[in-house]
>>> print(open('query37.cif').read())   # mmCIF, C-alpha atoms and all ligand atoms
data_upload
#
loop_
_atom_site.label_atom_id
_atom_site.label_comp_id
_atom_site.auth_asym_id
_atom_site.auth_seq_id
_atom_site.Cartn_x
_atom_site.Cartn_y
_atom_site.Cartn_z
CA ILE I 1 87.36 -144.31 -41.61
CA PHE I 2 89.26 -141.02 -41.41
CA ALA I 3 87.77 -139.27 -44.44
CA ALA I 4 85.57 -136.89 -42.43
CA VAL I 5 88.09 -136.13 -39.67
CA GLU I 6 88.57 -132.40 -39.21
CA MET I 7 91.81 -130.69 -38.35
CA ALA I 8 91.93 -129.89 -34.63
CA PRO I 9 93.25 -126.47 -33.62
CA ARG I 10 96.80 -126.28 -32.32
CA ASP I 11 97.13 -126.37 -28.54
CA PRO I 12 97.12 -122.73 -27.32
CA ILE I 13 100.38 -123.25 -25.38
CA LEU I 14 102.25 -126.31 -26.68
CA GLY I 15 101.19 -125.40 -30.23
CA LEU I 16 103.43 -122.33 -29.89
CA ASN I 17 106.43 -124.65 -29.51
CA GLU I 18 105.62 -126.18 -32.89
CA ALA I 19 105.34 -122.77 -34.55
CA PHE I 20 108.49 -121.57 -32.79
CA ALA I 21 110.49 -124.61 -33.92
CA ALA I 22 109.47 -123.93 -37.52
CA ASP I 23 110.56 -120.25 -37.33
CA THR I 24 113.95 -119.77 -39.02
CA ARG I 25 114.76 -116.32 -37.56
CA ALA I 26 117.95 -116.40 -35.45
CA GLU I 27 116.68 -113.76 -33.03
CA LYS I 28 113.42 -115.62 -32.22
CA VAL I 29 112.37 -115.91 -28.55
CA ASN I 30 109.82 -118.35 -27.09
CA LEU I 31 107.94 -116.64 -24.25
CA GLY I 32 105.00 -119.01 -24.68
CA VAL I 33 105.35 -122.21 -22.71
CA GLY I 34 106.05 -122.17 -18.95
CA VAL I 35 109.60 -123.45 -19.02
CA TYR I 36 112.63 -122.11 -17.15
CA TYR I 37 115.70 -121.39 -19.27
CA ASP I 38 119.05 -120.32 -17.84
CA ASP I 39 120.89 -117.15 -18.82
CA ASN I 40 122.27 -118.96 -21.88
CA GLY I 41 118.77 -119.81 -23.05
CA LYS I 42 119.15 -123.49 -22.16
CA ILE I 43 116.87 -125.70 -20.05
CA PRO I 44 119.12 -126.54 -17.08
CA LEU I 45 119.89 -130.04 -15.91
CA LEU I 46 120.11 -129.41 -12.17
CA GLY I 47 123.27 -130.45 -10.33
CA ALA I 48 121.22 -132.41 -7.77
CA VAL I 49 119.48 -134.28 -10.60
CA LYS I 50 122.82 -135.00 -12.30
CA ALA I 51 124.26 -136.44 -9.08
CA ALA I 52 121.22 -138.65 -8.49
CA GLU I 53 121.26 -139.82 -12.11
CA LYS I 54 124.95 -140.66 -11.94
CA ALA I 55 124.38 -142.82 -8.87
CA ARG I 56 121.47 -144.60 -10.56
CA LEU I 57 123.45 -145.21 -13.70
CA GLU I 58 126.22 -146.77 -11.66
CA ALA I 59 123.75 -148.96 -9.73
CA MET I 60 122.06 -150.12 -12.97
CA PRO I 61 118.84 -151.20 -11.24
CA PRO I 62 116.42 -153.60 -12.96
CA ARG I 63 113.23 -152.16 -14.53
CA GLY I 64 110.31 -154.17 -13.17
CA TYR I 65 106.77 -152.81 -12.97
CA GLN I 66 106.15 -150.17 -10.36
CA PRO I 67 103.23 -150.35 -7.91
CA ILE I 68 100.13 -148.87 -9.59
CA GLU I 69 100.32 -145.86 -7.27
CA GLY I 70 104.11 -145.44 -7.66
CA PRO I 71 106.81 -146.13 -5.09
CA ALA I 72 106.27 -145.27 -1.42
CA ALA I 73 109.59 -143.39 -1.20
CA TYR I 74 108.44 -140.96 -3.90
CA ASN I 75 104.90 -140.60 -2.61
CA ASN I 76 106.09 -139.93 0.95
CA ALA I 77 108.54 -137.31 -0.31
CA VAL I 78 105.69 -135.56 -2.16
CA GLN I 79 103.53 -135.51 0.97
CA ASN I 80 106.33 -134.00 3.04
CA LEU I 81 106.85 -131.21 0.52
CA LEU I 82 103.16 -130.40 0.30
CA LEU I 83 102.08 -130.73 3.91
CA GLY I 84 105.33 -130.42 5.86
CA LYS I 85 107.14 -133.40 7.32
CA ASP I 86 105.47 -133.03 10.73
CA SER I 87 101.94 -133.06 9.33
CA ALA I 88 99.43 -134.79 11.61
CA LEU I 89 97.40 -135.73 8.54
CA ILE I 90 100.30 -137.78 7.21
CA ALA I 91 100.85 -139.40 10.63
CA ASN I 92 97.11 -140.24 10.84
CA GLY I 93 97.10 -141.96 7.45
CA GLN I 94 94.73 -139.32 6.06
CA VAL I 95 96.78 -138.56 2.95
CA ILE I 96 97.07 -140.76 -0.09
CA THR I 97 99.47 -139.91 -2.88
CA VAL I 98 99.85 -141.54 -6.26
CA GLU I 99 102.65 -140.75 -8.68
CA ALA I 100 101.27 -139.29 -11.90
CA LEU I 101 102.49 -138.24 -15.34
CA GLY I 102 103.27 -134.63 -14.49
CA GLY I 103 100.80 -132.15 -13.05
CA THR I 104 98.53 -132.69 -16.07
CA GLY I 105 98.44 -136.43 -15.41
CA ALA I 106 97.61 -135.79 -11.76
CA LEU I 107 94.73 -133.52 -12.73
CA LYS I 108 93.45 -136.11 -15.19
CA VAL I 109 93.57 -139.00 -12.70
CA GLY I 110 91.82 -136.76 -10.16
CA ALA I 111 89.22 -135.63 -12.71
CA ASP I 112 88.45 -139.19 -13.84
CA TYR I 113 88.14 -140.36 -10.24
CA LEU I 114 85.89 -137.41 -9.36
CA LYS I 115 83.66 -138.20 -12.33
CA ARG I 116 83.04 -141.64 -10.81
CA LEU I 117 82.58 -140.18 -7.33
CA LEU I 118 80.46 -137.12 -8.18
CA PRO I 119 79.09 -137.67 -11.69
CA GLY I 120 76.63 -134.77 -11.54
CA ALA I 121 79.05 -132.09 -10.30
CA THR I 122 80.08 -128.91 -12.08
CA VAL I 123 83.73 -127.86 -12.09
CA TYR I 124 84.63 -124.21 -11.47
CA ILE I 125 87.94 -122.75 -12.65
CA SER I 126 89.33 -119.25 -12.24
CA ASP I 127 88.66 -116.59 -14.87
CA PRO I 128 91.15 -116.80 -16.51
CA SER I 129 92.89 -120.11 -15.84
CA TRP I 130 95.50 -122.35 -17.37
CA GLU I 131 94.15 -123.16 -20.84
CA ASN I 132 94.25 -126.91 -20.22
CA HIS I 133 92.09 -126.86 -17.06
CA ARG I 134 88.84 -126.40 -18.93
CA ALA I 135 89.72 -128.88 -21.68
CA LEU I 136 90.88 -131.48 -19.21
CA PHE I 137 87.83 -131.40 -16.94
CA GLU I 138 85.50 -131.23 -19.93
CA SER I 139 87.17 -134.27 -21.42
CA ALA I 140 86.56 -136.06 -18.10
CA GLY I 141 82.85 -135.34 -18.72
CA PHE I 142 82.21 -132.35 -16.45
CA PRO I 143 80.54 -129.05 -17.33
CA VAL I 144 83.16 -126.36 -16.58
CA GLU I 145 82.33 -122.82 -15.50
CA ASN I 146 84.32 -119.85 -14.23
CA TYR I 147 84.55 -118.04 -10.93
CA PRO I 148 85.73 -114.39 -11.02
CA TYR I 149 89.45 -114.06 -10.38
CA TYR I 150 91.54 -111.51 -12.24
CA ASP I 151 90.81 -107.81 -11.99
CA ALA I 152 92.36 -106.11 -15.00
CA ALA I 153 91.96 -102.66 -13.42
CA THR I 154 94.07 -103.44 -10.35
CA ARG I 155 96.06 -106.27 -11.97
CA GLY I 156 95.25 -108.19 -8.82
CA VAL I 157 92.53 -110.55 -7.66
CA ASN I 158 88.87 -109.59 -7.61
CA PHE I 159 88.56 -111.34 -4.29
CA ALA I 160 85.13 -109.98 -3.42
CA GLY I 161 83.80 -111.38 -6.70
CA MET I 162 85.54 -114.70 -6.22
CA LYS I 163 84.29 -115.12 -2.66
CA ALA I 164 80.71 -114.13 -3.52
CA LYS I 165 80.68 -116.71 -6.32
CA LEU I 166 82.09 -119.50 -4.14
CA GLU I 167 79.51 -118.72 -1.48
CA GLN I 168 76.66 -119.41 -3.88
CA LEU I 169 77.88 -122.60 -5.54
CA ALA I 170 75.87 -125.79 -5.17
CA PRO I 171 77.21 -128.19 -2.53
CA GLY I 172 79.46 -130.81 -4.11
CA SER I 173 80.76 -128.41 -6.76
CA ILE I 174 84.42 -128.93 -7.60
CA VAL I 175 86.58 -125.81 -7.31
CA VAL I 176 89.98 -125.79 -8.99
CA LEU I 177 92.35 -123.42 -7.18
CA HIS I 178 95.90 -122.39 -8.14
CA ALA I 179 97.85 -122.99 -4.93
CA CYS I 180 100.59 -120.49 -5.86
CA CYS I 181 102.01 -118.61 -8.86
CA HIS I 182 98.63 -118.32 -10.55
CA ASN I 183 98.82 -119.36 -14.20
CA PRO I 184 98.40 -117.18 -16.26
CA THR I 185 98.05 -114.00 -14.19
CA GLY I 186 100.79 -114.25 -11.52
CA ALA I 187 98.26 -112.76 -9.05
CA ASP I 188 97.98 -114.85 -5.88
CA LEU I 189 95.68 -114.72 -2.85
CA SER I 190 96.93 -113.44 0.50
CA ASP I 191 97.12 -115.78 3.48
CA ALA I 192 93.96 -114.22 4.95
CA GLN I 193 92.12 -114.66 1.65
CA TRP I 194 93.06 -118.34 1.59
CA ASN I 195 91.45 -118.71 5.00
CA ASP I 196 88.27 -117.16 3.57
CA VAL I 197 88.36 -119.60 0.64
CA VAL I 198 88.69 -122.49 3.07
CA GLU I 199 85.66 -121.18 5.00
CA ALA I 200 83.63 -120.82 1.80
CA CYS I 201 84.48 -124.40 0.85
CA ARG I 202 83.48 -125.57 4.30
CA SER I 203 80.22 -123.65 4.51
CA ARG I 204 79.09 -124.59 0.97
CA GLY I 205 80.34 -128.20 1.06
CA LEU I 206 82.60 -127.66 -1.98
CA VAL I 207 85.28 -130.04 -3.23
CA PRO I 208 88.59 -128.15 -3.39
CA PHE I 209 91.14 -129.26 -6.00
CA LEU I 210 94.41 -127.39 -5.54
CA ASP I 211 96.78 -127.32 -8.48
CA MET I 212 100.38 -126.68 -7.48
CA ALA I 213 102.75 -126.77 -10.45
CA TYR I 214 105.15 -124.04 -9.29
CA GLN I 215 106.01 -124.74 -5.66
CA GLY I 216 109.19 -122.82 -4.85
CA PHE I 217 108.89 -120.23 -7.63
CA ALA I 218 107.22 -117.46 -5.60
CA ASP I 219 108.81 -117.23 -2.13
CA GLY I 220 110.11 -120.70 -1.26
CA ILE I 221 109.06 -124.29 -0.75
CA ASP I 222 107.17 -123.89 2.53
CA ALA I 223 106.02 -120.33 1.90
CA ASP I 224 104.42 -121.38 -1.39
CA ALA I 225 102.54 -124.22 0.33
CA VAL I 226 100.42 -121.77 2.35
CA ALA I 227 97.18 -122.69 0.58
CA VAL I 228 97.74 -126.42 0.98
CA ARG I 229 98.60 -125.89 4.63
CA ALA I 230 95.47 -123.77 5.20
CA PHE I 231 93.31 -126.56 3.81
CA SER I 232 95.22 -129.19 5.76
CA ALA I 233 94.55 -127.31 9.01
CA SER I 234 90.84 -127.05 8.21
CA GLY I 235 89.74 -130.64 8.66
CA LEU I 236 88.28 -130.63 5.13
CA GLN I 237 88.89 -133.25 2.47
CA PHE I 238 90.61 -132.03 -0.67
CA PHE I 239 92.69 -132.90 -3.73
CA VAL I 240 96.14 -131.61 -4.70
CA SER I 241 97.88 -132.07 -8.04
CA SER I 242 101.58 -131.27 -7.96
CA SER I 243 104.45 -131.35 -10.40
CA PHE I 244 108.24 -131.51 -10.48
CA SER I 245 108.43 -130.43 -14.12
CA LYS I 246 109.47 -126.89 -13.24
CA SER I 247 110.98 -127.21 -9.77
CA PHE I 248 113.32 -130.05 -10.81
CA SER I 249 113.55 -129.00 -14.47
CA LEU I 250 112.32 -132.48 -15.41
CA TYR I 251 109.65 -131.44 -17.92
CA GLY I 252 109.93 -134.39 -20.29
CA GLU I 253 110.21 -137.00 -17.56
CA ARG I 254 106.56 -136.34 -16.59
CA VAL I 255 106.93 -136.42 -12.81
CA GLY I 256 103.94 -135.32 -10.77
CA ALA I 257 101.56 -136.57 -8.12
CA LEU I 258 97.95 -136.57 -7.06
CA SER I 259 97.39 -136.34 -3.31
CA ILE I 260 94.02 -136.68 -1.61
CA VAL I 261 93.28 -135.82 2.00
CA THR I 262 90.55 -138.01 3.46
CA ALA I 263 88.75 -138.15 6.81
CA GLY I 264 90.73 -141.11 8.11
CA LYS I 265 92.89 -144.14 7.53
CA ASP I 266 90.08 -146.48 6.58
CA GLU I 267 88.67 -143.98 4.08
CA SER I 268 92.17 -143.54 2.64
CA ALA I 269 92.44 -147.26 1.91
CA ARG I 270 89.09 -147.29 0.11
CA VAL I 271 89.79 -144.12 -1.89
CA LEU I 272 93.24 -145.35 -2.89
CA SER I 273 91.78 -148.62 -4.13
CA GLN I 274 89.45 -146.65 -6.43
CA VAL I 275 92.14 -144.28 -7.68
CA LYS I 276 94.29 -147.30 -8.50
CA ARG I 277 91.52 -148.59 -10.76
CA VAL I 278 91.55 -145.29 -12.65
CA ILE I 279 95.32 -145.56 -13.15
CA ARG I 280 95.33 -149.27 -14.02
CA THR I 281 92.79 -148.78 -16.81
CA ASN I 282 94.67 -145.78 -18.15
CA TYR I 283 98.46 -146.35 -18.15
CA SER I 284 98.77 -149.19 -15.60
CA ASN I 285 101.60 -147.77 -13.49
CA PRO I 286 104.03 -144.87 -13.73
CA PRO I 287 107.49 -144.92 -15.35
CA ILE I 288 110.48 -145.32 -13.05
CA HIS I 289 113.18 -142.82 -13.87
CA GLY I 290 111.91 -139.33 -13.03
CA GLY I 291 110.25 -140.31 -9.76
CA ALA I 292 113.33 -142.25 -8.66
CA ILE I 293 115.52 -139.20 -9.26
CA VAL I 294 113.20 -136.89 -7.32
CA ALA I 295 112.93 -139.37 -4.43
CA ALA I 296 116.72 -139.79 -4.33
CA VAL I 297 117.28 -136.02 -4.21
CA LEU I 298 114.64 -135.41 -1.56
CA SER I 299 115.85 -138.23 0.69
CA SER I 300 119.50 -137.14 0.68
CA PRO I 301 120.15 -134.12 2.94
CA GLU I 302 123.08 -133.09 0.75
CA LEU I 303 121.23 -133.34 -2.58
CA ARG I 304 118.14 -131.77 -1.14
CA GLN I 305 120.15 -128.73 -0.03
CA MET I 306 121.72 -128.54 -3.48
CA TRP I 307 118.25 -128.65 -5.07
CA GLU I 308 116.87 -125.97 -2.74
CA ASP I 309 119.78 -123.71 -3.64
CA GLU I 310 119.29 -124.33 -7.35
CA LEU I 311 115.56 -123.68 -7.07
CA ALA I 312 116.28 -120.42 -5.22
CA GLY I 313 118.65 -119.50 -8.03
CA MET I 314 115.91 -120.00 -10.63
CA ARG I 315 113.46 -117.98 -8.54
CA GLU I 316 115.92 -115.12 -8.14
CA ARG I 317 116.86 -115.04 -11.81
CA ILE I 318 113.20 -114.74 -12.79
CA ARG I 319 112.81 -111.87 -10.32
CA ALA I 320 115.81 -110.13 -11.83
CA MET I 321 114.25 -110.52 -15.29
CA ARG I 322 111.03 -108.95 -14.03
CA THR I 323 112.87 -105.89 -12.76
CA GLY I 324 115.05 -105.79 -15.85
CA LEU I 325 112.11 -105.87 -18.24
CA VAL I 326 110.32 -103.06 -16.43
CA GLU I 327 113.48 -100.92 -16.49
CA GLN I 328 114.18 -101.60 -20.14
CA LEU I 329 110.61 -100.81 -21.18
CA LYS I 330 110.97 -97.49 -19.40
CA ALA I 331 114.29 -96.91 -21.14
CA GLU I 332 112.59 -97.62 -24.48
CA GLY I 333 110.26 -94.72 -23.74
CA VAL I 334 107.13 -96.74 -22.98
CA ALA I 335 104.79 -94.40 -21.13
CA GLN I 336 102.55 -97.13 -19.75
CA ASP I 337 103.44 -98.22 -16.22
CA PHE I 338 104.61 -101.84 -16.35
CA SER I 339 105.70 -102.00 -12.70
CA PHE I 340 102.98 -104.61 -12.05
CA VAL I 341 105.31 -107.12 -13.73
CA ILE I 342 107.54 -106.95 -10.64
CA LYS I 343 104.66 -107.82 -8.32
CA GLN I 344 103.39 -110.81 -10.28
CA ARG I 345 104.58 -114.16 -8.99
CA GLY I 346 105.97 -117.29 -10.56
CA MET I 347 107.06 -117.68 -14.16
CA PHE I 348 104.45 -115.58 -15.89
CA SER I 349 103.40 -112.05 -16.53
CA TYR I 350 99.91 -111.29 -17.70
CA THR I 351 101.06 -108.27 -19.65
CA GLY I 352 97.79 -106.85 -20.86
CA LEU I 353 99.10 -107.10 -24.44
CA THR I 354 96.21 -107.67 -26.83
CA ALA I 355 95.92 -110.62 -29.19
CA ASP I 356 96.84 -108.25 -32.06
CA GLN I 357 99.95 -107.05 -30.25
CA VAL I 358 100.95 -110.66 -29.51
CA GLU I 359 100.48 -111.45 -33.20
CA ARG I 360 102.73 -108.52 -34.15
CA LEU I 361 105.41 -109.70 -31.72
CA LYS I 362 105.40 -113.00 -33.56
CA SER I 363 105.16 -111.80 -37.14
CA GLU I 364 107.49 -108.77 -36.89
CA PHE I 365 109.97 -109.95 -34.24
CA GLY I 366 109.77 -113.75 -33.93
CA ILE I 367 108.72 -113.41 -30.29
CA TYR I 368 106.11 -115.98 -29.26
CA ALA I 369 103.63 -115.40 -26.42
CA VAL I 370 100.22 -116.84 -25.52
CA SER I 371 97.45 -114.94 -27.31
CA THR I 372 95.99 -113.86 -23.95
CA GLY I 373 99.09 -111.72 -23.40
CA ARG I 374 100.81 -114.16 -21.04
CA ILE I 375 104.59 -114.18 -21.32
CA CYS I 376 107.05 -116.46 -19.56
CA LEU I 377 109.67 -114.34 -17.80
CA ALA I 378 111.80 -117.43 -17.24
CA ALA I 379 112.64 -117.42 -20.96
CA LEU I 380 114.22 -113.97 -20.78
CA ASN I 381 117.98 -113.67 -20.33
CA SER I 382 120.66 -111.02 -20.35
CA LYS I 383 121.10 -111.45 -24.12
CA ASN I 384 117.48 -111.33 -25.32
CA ILE I 385 115.84 -109.00 -22.77
CA GLY I 386 116.82 -105.85 -24.66
CA TYR I 387 115.43 -107.20 -27.92
CA VAL I 388 112.19 -108.26 -26.24
CA ALA I 389 111.81 -104.86 -24.53
CA LYS I 390 112.31 -103.07 -27.87
CA ALA I 391 109.73 -105.31 -29.54
CA ILE I 392 107.14 -104.80 -26.78
CA ALA I 393 107.80 -101.06 -26.90
CA ALA I 394 107.22 -101.08 -30.66
CA VAL I 395 103.87 -102.87 -30.42
CA VAL I 396 102.52 -100.89 -27.46
CA LYS I 397 103.48 -97.56 -29.00
CA GLY I 398 101.51 -98.52 -32.11
C1 LIG B 401 102.28 -123.72 -19.24
O1 LIG B 401 101.26 -123.25 -18.76
O2 LIG B 401 102.91 -123.17 -20.15
C2 LIG B 401 102.86 -124.99 -18.68
O3 LIG B 401 102.10 -125.43 -17.61
C3 LIG B 401 103.07 -126.02 -19.70
C4 LIG B 401 101.81 -126.66 -20.17
O4 LIG B 401 101.72 -127.89 -20.09
O5 LIG B 401 100.90 -125.95 -20.63
#
>>> encode(input="query37.cif", output="structure tokens", more="lines below")
Ligand code: LMR
Amino acid sequence: IFAAVEMAPRDPILGLNEAFAADTRAEKVNLGVGVYYDDNGKIPLLGAVKAAEKARLEAMPPRGYQPIEGPAAYNNAVQNLLLGKDSALIANGQVITVEALGGTGALKVGADYLKRLLPGATVYISDPSWENHRALFESAGFPVENYPYYDAATRGVNFAGMKAKLEQLAPGSIVVLHACCHNPTGADLSDAQWNDVVEACRSRGLVPFLDMAYQGFADGIDADAVAVRAFSASGLQFFVSSSFSKSFSLYGERVGALSIVTAGKDESARVLSQVKRVIRTNYSNPPIHGGAIVAAVLSSPELRQMWEDELAGMRERIRAMRTGLVEQLKAEGVAQDFSFVIKQRGMFSYTGLTADQVERLKSEFGIYAVSTGRICLAALNSKNIGYVAKAIAAVVKG
């Protein structure tokens, strides 16, 4: 039965991890996947997570099935982070949240539910977008198209192009929006531009799907929720996928959530019942550990403060790496102005390196980046930044 099966291509992002693991060079650096490493090149286990895990280990709770949608304590904590704890939408019962297997799992549950709700819709993603967006919505059965986003000339957003495109989409089209720390470009919309996007969604009757995998990595937890808050003030219905992979450094625990804002409490109950069917026929109910840790941290004022401080530390270290890289490239005699790296937000820089240059970084230096030129600044540290700057200088100088 498998004789005619063809080899699938490696995943454009996670496939780099496989190639990196197989590389025997001691000086190798993985700037591919969006993962935060500390200054020693290690994925941190946050102090707040450690404390919550210690308490759980001591309590040794039983491991029964979870509710299909995940535990209320976790789902409520997610809603408070996204919408603010005083949100009228939460108080009105207009928000449903289900725990999901990371941000990817949240997108997939949302996509599968949307396919049942709006089977004839087209999904629009930014040009460019996270590699998995297209694949994921296509695998849910949707045609996927682009809306203009990145402007290579200004290294910012082509907002006029984006807005014009949104304003001509068919009603009922699904628009996937990066709520903050745009992946891969690091170019975000301004607050005023978000208001324009909300208006375009309202006037065209679009279905907004906000993807927020990096809350806290640009300016802070509330500041990074500006897009979600703009939609929540609008009276529109919308979807949000969110993730604790990066903000809690819990990548492998697969802790995320899908939240849906409805028109009212009764609608919420009906929508939740349908989303639960999607989950039940897929993986039944979510695992316990990661969500329990996140809920424990967010419900303890002391642990929450510890987490916010640790998250701020990660954010600030990435910023320092941005400045450091720009300075070191200059010191290496690179004539091209790389100062845009400092302005980009979140974990990534869309460097403008060509696929050939990325290939040379890998083959000559053991430095792995996404072929589009995206590098993860959160993998730089005080020991490897000089080496990386030298390597980039070598490939850009020819
Ligand atoms: C990334 O873009 O590198 C991360 O979101 C990890 C992933 O799942 O692709």
>>> closest_residue(input="query37.cif", among="I:Gly216, I:Gly64, I:Gly103, I:Gly156", to="ligand LIG 401 (chain B)", atoms="all atoms listed in the file")
I:Gly103
>>> residues_near_ligand(input="query37.cif", ligand="ligand LIG 401 (chain B)", cutoff="8 Å", atoms="only C-alpha atoms and all ligand atoms", output="list in words")
Ile13, Leu14, Gly32, Val33, Gly34, Val35, Thr104, Trp130, Glu131, Asn132, Asn183, Pro184, Ala213 and Cys376 of chain I
>>> closest_residue(input="query37.cif", among="I:Leu303, I:Thr97, I:Gly346, I:Phe209", to="I:Gly47", atoms="all atoms listed in the file")
I:Leu303
>>> closest_residue(input="query37.cif", among="I:Ala331, I:Cys201, I:Leu83, I:Leu107", to="I:Ala225", atoms="all atoms listed in the file")
I:Leu83
>>> residues_around(input="query37.cif", residues="I:Ala230", least_positions_apart="4", cutoff="9 Å", atoms="only C-alpha atoms", output="PDB file with C-alpha atoms, keeping the file's coordinate frame")
ATOM      1  CA  ASP I 191      97.120-115.780   3.480  1.00  0.00           C
ATOM      2  CA  TRP I 194      93.060-118.340   1.590  1.00  0.00           C
ATOM      3  CA  ASN I 195      91.450-118.710   5.000  1.00  0.00           C
ATOM      4  CA  VAL I 198      88.690-122.490   3.070  1.00  0.00           C
ATOM      5  CA  ALA I 225     102.540-124.220   0.330  1.00  0.00           C
ATOM      6  CA  VAL I 226     100.420-121.770   2.350  1.00  0.00           C
ATOM      7  CA  SER I 234      90.840-127.050   8.210  1.00  0.00           C
TER       8      SER I 234
END
>>> closest_residue(input="query37.cif", among="I:Ala111, I:Ala55, I:Ala100, I:Ile375", to="I:Ser284", atoms="only C-alpha atoms")
I:Ala100
